[in-house]
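To start, the structure under review is shown below, and the notes come after it.
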Amino acid sequence: MFSTRNKGRSALGTSSSLRRQLLSSTAVALAALTLAGSGNAQAVEGSLKPLGTLNTVDYSSTGNAVSNNGTVVGFSYIDTTDWHAFYWTAASGMVDMGTLTGTGKSVALGLSADGDVIVGWSTVQGGALRAFRWTQPGGMVELGTLWSDSTAFSAATDTSGDGSVIAGYSSIDANTYHAFRWTQSGGMVDIGTIGNIAGNSVTSAISKDGMAITGYSDVAGGQSHAYYWTQSGGMVDLGTIGNFAGKSYGLGISGDGTTVVGYSQLAGSLDHAFRWTQGDGLVDLGSINNGGGKSYAYATNETGSVIVGRGYINGNQGRGFRWTAATGMVDLNTLLTDAGVDMTGIRVITANGISQSGEFITGNVLVANSIVDQAYLIRYVDAAVAGITSADSVQGSVDGLADAKAGVAAQMQGFAAQLLGADTAIGAGNEVGAFGSVGSAAGGVSGKVGLGNGVSLIGGLSINEETFKDVRMRHTGMAALGLRYVYSDGGAAHPFVEAGGWIAPNGSFTFSRRYANGAGQANGTGSADGSLSYLYAKAGAAYDLTTDDEAVLAAELGQSRFHTDAYSETATPGNPFNADVSSGTSKLSVAKIEAKLTHEFTPKIDTTLRVAAAHGFSASSDVTAVVAGFGTIAARAENQNWAEYGLRAGYKIAAGTTVNLFANGVSGNGGIHTENHFGIDLKFDL
């Protein structure tokens with residue numbers, strides 16, 4: 001589970017000021033989204049794109065936490081005055097969680113490791129804030145308050161890894177609020193204040209097992225101090241750095257509950273991030289690159305060994321940082337640049353959350369020419385693997401796999417055309433031949449055999465190798481077969497019908513998945529075996545324009561299927577967000593209109609020109625990818641359009657023997673691209 005909330009950074013105050021704090025504490029976007037494309041499979045190079053909003057008008061939205069499986073929670077404006085809690089997944093997009101009463105405001109602040117339990121606050125009748133726990137089957141359920149009064153407020157700020165224990169705070173009277181720990185069996189339990197003084201306390205974070213809590217509490221003298229709470233030890237004052245008579249705030253806790261992070265005042269009102277353990281006490285983490293500026297630690301990983309937060313350089317310029325005992329506090333912009341990530345025009349201004357593994361970091365960036373900060377996800381593994389990307393860009397990369405498979409299926413029509421006699425006249429006689437082509441490496445045999453009464457078989461066999469857009473196909477065999485019936489009553493028009501198909505059962509494929517990495521691009525590759533097939537039915541007519549010319553018009557309906565086995569990418573500096581891609585099948589229905597013209601120049605020389613327009617519709621794909629840091633993402637297939645074309649020129653070198661030079665290709669949008677083939681064909685009359 002990520003610890004990802006901006007957990008209150010101002011002094012505790014009255015209940016009305018706490019409400020303002022609850023709002024401001026959700027104003028930092030921590031969702032795992034940043035440098036993205038426009039949302040389709042090809043737009044992976046581009047600009048910043050947020051999760052979206054709950055309103056079609058361009059109001060803002062903020063992510064506050066993200067789970068291990070990539071579920072993001074936060075809030076979004078629904079109009080100019082109200083906002084609602086949301087959850088977001090790559091599959092569902094942004095979903096409005098509503099409110100406890102159906103009207104008013106709500107904010108989601110935390111969630112379980114699997115994203116199934118979400119906590120936060122919602123307004124109720126009269127405008128009071130109330131803590132809630134949300135599940136898919138149960139919806140939003142109020143947790144109550146520590147004070148039995150209609151004006152009492154409460155907020156849930158975090159939950160344990162399994163969602164069974166919730167931390168938050170609630171009013172206990174008209175002017176005071178206390179931290180609480182909630183369980184299903186015990187309800188909301190007041191965990192008091194440091195030294196049980198008459199003051200306020202707040203929770204910020206809870207450990208994975210729900211047994212340790214941190215936050216801050218009033219202490220004697222009117223200051224606030226960070227605390228560490230356990231069932232057995234109660235609320236322990238963590239003091240301040242150097243025991244200075246100032247404030248400190250506990251903002252994050254490690255998954256194992258042994259380490260607290262936050263910040264503390266120093267002399268001269270300077271704030272510094274700290275790390276606390278039982279053994280070492282409160283340790284000053286210093287400033288970014290030892291530059292002497294302010295720093296704030298917001299979150300830490302499972303063991304407390306990696307800490308992230310925000311520091312300032314040059315006075316007031318915020319920078320996200322990453323801290324380890326070995327490196328100290330280092331600017332994330334520097335770490336990413338040194339690891340080879342193009343950060344041109346991008347500045348990481350804060351790091352607010354980190355995964356339990358310590359690999360994934362969330363926070364906000366500013367992009368050149370923008371005054372609005374956006375959220376991001378960083379992966380950083382001690383410079384061996386480093387990157388910064390977004391859910392939108394990663395979704396686009398997975399969608400791109402589906403588009404690439406559709407593109408291969410469309411491009412295989414070019415190979416099939418040679419086997420099914422697409423570049424010869426309908427009225428041509430029986431023949432068999434062999435061919436080879438470049439542009440792709442292909443070779444095979446094809447032919448036509450008449451069965452009598454206007455019925456003939458057409459087909460062939462080939463072996464093919466090609467590099468398509470984002471796919472490389474190697475050593476793939478193909479078989480095609482069609483059955484054609486031509487009606488002839490002696491007139492110039494010859495209606496015909498044809499049915500058949502082709503199959504490539506033993507393909508070997510390498511897929512490329514492209515996504516944004518900083519201002520540049522990352523590329524994940526993996527290989528899998530697969531099979532393609534296509535079934536079609538065609539109807540049309542051949543027209544004898546003259547004794548030397550035949551024109552053909554035809555329409556075709558078909559469906560392609562492309563199945564691939566599962567494969568895994570490897571995490572590398574060039575692929576920081578690697579994916580495990582499932583086995584799956586992509587399907588595409590096809591409608592095609594075809595025209596071709598054959599002209600005989602002399603008894604020895606003839607040529608055929610063919611063009612076709614194809615529309616792929618009802619696209620589908622059941623492929624999914626588990627992407628590091630983002631969880632399971634389903635590929636979204638898109639319909640495709642393409643053109644097919646071919647030109648053949650034949651020369652009869654001897655009686656019954658013809659040499660043909662041919663060129664054909666497929667060109668389209670989306671994942672299809674343009675591929676051309678050039679070859680030679682030797683045909684023998686039967």
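Order determines the names: the first chain of the structure tokens is A, the second B, and so forth; residues in each chain are numbered 1 upward, and ligands are numbered 1 upward as they are shown.
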Give me the residues near region 109-125 of chain A as a ChimeraX atom specification, where near means some atom within 7 Å (using only C-alpha atoms) and where sequence neighbours in that chain fewer than 6 positions away do not count. /A:1,5,64-65,67-69,71,73-74,99-101,131-136,155-163
Which residues, written as a ChimeraX atom specification, have at least one atom at most 10 Å from region 306-319 of chain A, with only C-alpha atoms counted and residues fewer than 4 positions away on the same chain left out? /A:6,252,254,260-263,271-275,285-302,323-325,328-334,347-359,361-365
Long-range neighbours of Gly187 (chain A) as a list in words, 10 Å cut-off, only C-alpha atoms, 4 positions minimum in chain: Leu143, Gly144, Thr145, Leu146, Val165, Ile166, Phe180, Arg181, Trp182 and Thr183 of chain A
Quick one: write out the picked residues with C-alpha atoms as a PDB file, in the first residue's frame?
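The resulting out15.pdb:
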ATOM      1  CA  LEU A 143     -18.312   5.589  11.121  1.00  0.00           C
ATOM      2  CA  GLY A 144     -19.861   8.026  13.562  1.00  0.00           C
ATOM      3  CA  THR A 145     -18.073  10.442  15.922  1.00  0.00           C
ATOM      4  CA  LEU A 146     -16.522  10.511  19.394  1.00  0.00           C
ATOM      5  CA  VAL A 165      -8.492  -0.904  11.033  1.00  0.00           C
ATOM      6  CA  ILE A 166      -9.059   2.784  10.357  1.00  0.00           C
ATOM      7  CA  PHE A 180      -9.220   7.716  16.936  1.00  0.00           C
ATOM      8  CA  ARG A 181      -8.689   4.077  15.965  1.00  0.00           C
ATOM      9  CA  TRP A 182     -11.679   2.224  14.525  1.00  0.00           C
ATOM     10  CA  THR A 183     -12.419  -1.499  14.127  1.00  0.00           C
TER      11      THR A 183
END
Find the residues around region 642-654 of chain A up to 6 Å (only C-alpha atoms counted), leave out those fewer than 3 positions away in its own chain, and share them as a compact mmCIF listing (two decimals) with N, CA, C and O atoms, in the first residue's frame.
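Written output follows (out04.txt):
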# COMPACT_ATOMS: atom_id res chain seq x y z
N LYS A 604 1.57 -12.09 -75.18
CA LYS A 604 2.60 -12.47 -74.21
C LYS A 604 2.65 -11.58 -72.98
O LYS A 604 3.27 -11.95 -71.97
N ILE A 605 2.04 -10.39 -73.03
CA ILE A 605 2.19 -9.43 -71.94
C ILE A 605 0.82 -9.03 -71.41
O ILE A 605 -0.07 -8.65 -72.19
N ASP A 606 0.65 -9.12 -70.11
CA ASP A 606 -0.59 -8.66 -69.49
C ASP A 606 -0.27 -8.05 -68.12
O ASP A 606 0.84 -8.22 -67.58
N THR A 607 -1.25 -7.34 -67.59
CA THR A 607 -1.05 -6.71 -66.27
C THR A 607 -2.38 -6.66 -65.53
O THR A 607 -3.45 -6.64 -66.16
N THR A 608 -2.32 -6.63 -64.20
CA THR A 608 -3.50 -6.51 -63.35
C THR A 608 -3.24 -5.44 -62.29
O THR A 608 -2.18 -5.45 -61.63
N LEU A 609 -4.19 -4.54 -62.15
CA LEU A 609 -4.15 -3.52 -61.10
C LEU A 609 -5.32 -3.77 -60.15
O LEU A 609 -6.47 -3.91 -60.60
N ARG A 610 -5.03 -3.83 -58.86
CA ARG A 610 -6.08 -4.12 -57.87
C ARG A 610 -6.03 -3.09 -56.75
O ARG A 610 -4.95 -2.73 -56.26
N VAL A 611 -7.21 -2.59 -56.32
CA VAL A 611 -7.32 -1.73 -55.15
C VAL A 611 -8.50 -2.21 -54.31
O VAL A 611 -9.48 -2.75 -54.83
N ALA A 612 -8.41 -2.01 -53.01
CA ALA A 612 -9.49 -2.40 -52.10
C ALA A 612 -9.49 -1.46 -50.90
O ALA A 612 -8.42 -1.01 -50.44
N ALA A 613 -10.67 -1.17 -50.40
CA ALA A 613 -10.83 -0.38 -49.17
C ALA A 613 -11.48 -1.27 -48.13
O ALA A 613 -12.49 -1.93 -48.39
N ALA A 614 -10.88 -1.31 -46.93
CA ALA A 614 -11.36 -2.21 -45.87
C ALA A 614 -11.68 -1.42 -44.61
O ALA A 614 -10.96 -0.47 -44.26
N THR A 657 4.19 -20.95 -69.73
CA THR A 657 5.07 -20.48 -68.64
C THR A 657 5.13 -18.96 -68.65
O THR A 657 5.45 -18.35 -69.68
N THR A 658 4.83 -18.37 -67.50
CA THR A 658 4.77 -16.91 -67.39
C THR A 658 5.59 -16.45 -66.19
O THR A 658 5.50 -17.04 -65.10
N VAL A 659 6.35 -15.38 -66.39
CA VAL A 659 7.05 -14.72 -65.29
C VAL A 659 6.29 -13.45 -64.95
O VAL A 659 5.99 -12.65 -65.84
N ASN A 660 5.99 -13.30 -63.65
CA ASN A 660 5.27 -12.12 -63.18
C ASN A 660 6.12 -11.33 -62.20
O ASN A 660 6.75 -11.91 -61.31
N LEU A 661 6.15 -10.04 -62.40
CA LEU A 661 6.69 -9.14 -61.39
C LEU A 661 5.50 -8.50 -60.67
O LEU A 661 4.54 -8.07 -61.33
N PHE A 662 5.56 -8.45 -59.35
CA PHE A 662 4.40 -7.92 -58.63
C PHE A 662 4.84 -7.01 -57.49
O PHE A 662 5.96 -7.11 -56.96
N ALA A 663 3.94 -6.11 -57.14
CA ALA A 663 4.09 -5.26 -55.95
C ALA A 663 2.72 -5.18 -55.30
O ALA A 663 1.71 -5.00 -55.98
N ASN A 664 2.67 -5.35 -54.00
CA ASN A 664 1.41 -5.17 -53.30
C ASN A 664 1.69 -4.63 -51.90
O ASN A 664 2.84 -4.62 -51.44
N GLY A 665 0.63 -4.17 -51.25
CA GLY A 665 0.84 -3.62 -49.92
C GLY A 665 -0.46 -3.31 -49.22
O GLY A 665 -1.55 -3.44 -49.78
N VAL A 666 -0.30 -2.89 -47.97
CA VAL A 666 -1.41 -2.50 -47.12
C VAL A 666 -1.02 -1.21 -46.42
O VAL A 666 0.12 -1.08 -45.92
N SER A 667 -1.93 -0.24 -46.37
CA SER A 667 -1.65 1.03 -45.70
C SER A 667 -2.89 1.44 -44.91
O SER A 667 -4.01 1.37 -45.43
N GLY A 668 -2.69 1.84 -43.65
CA GLY A 668 -3.84 2.22 -42.84
C GLY A 668 -3.48 3.06 -41.65
O GLY A 668 -2.33 3.45 -41.45
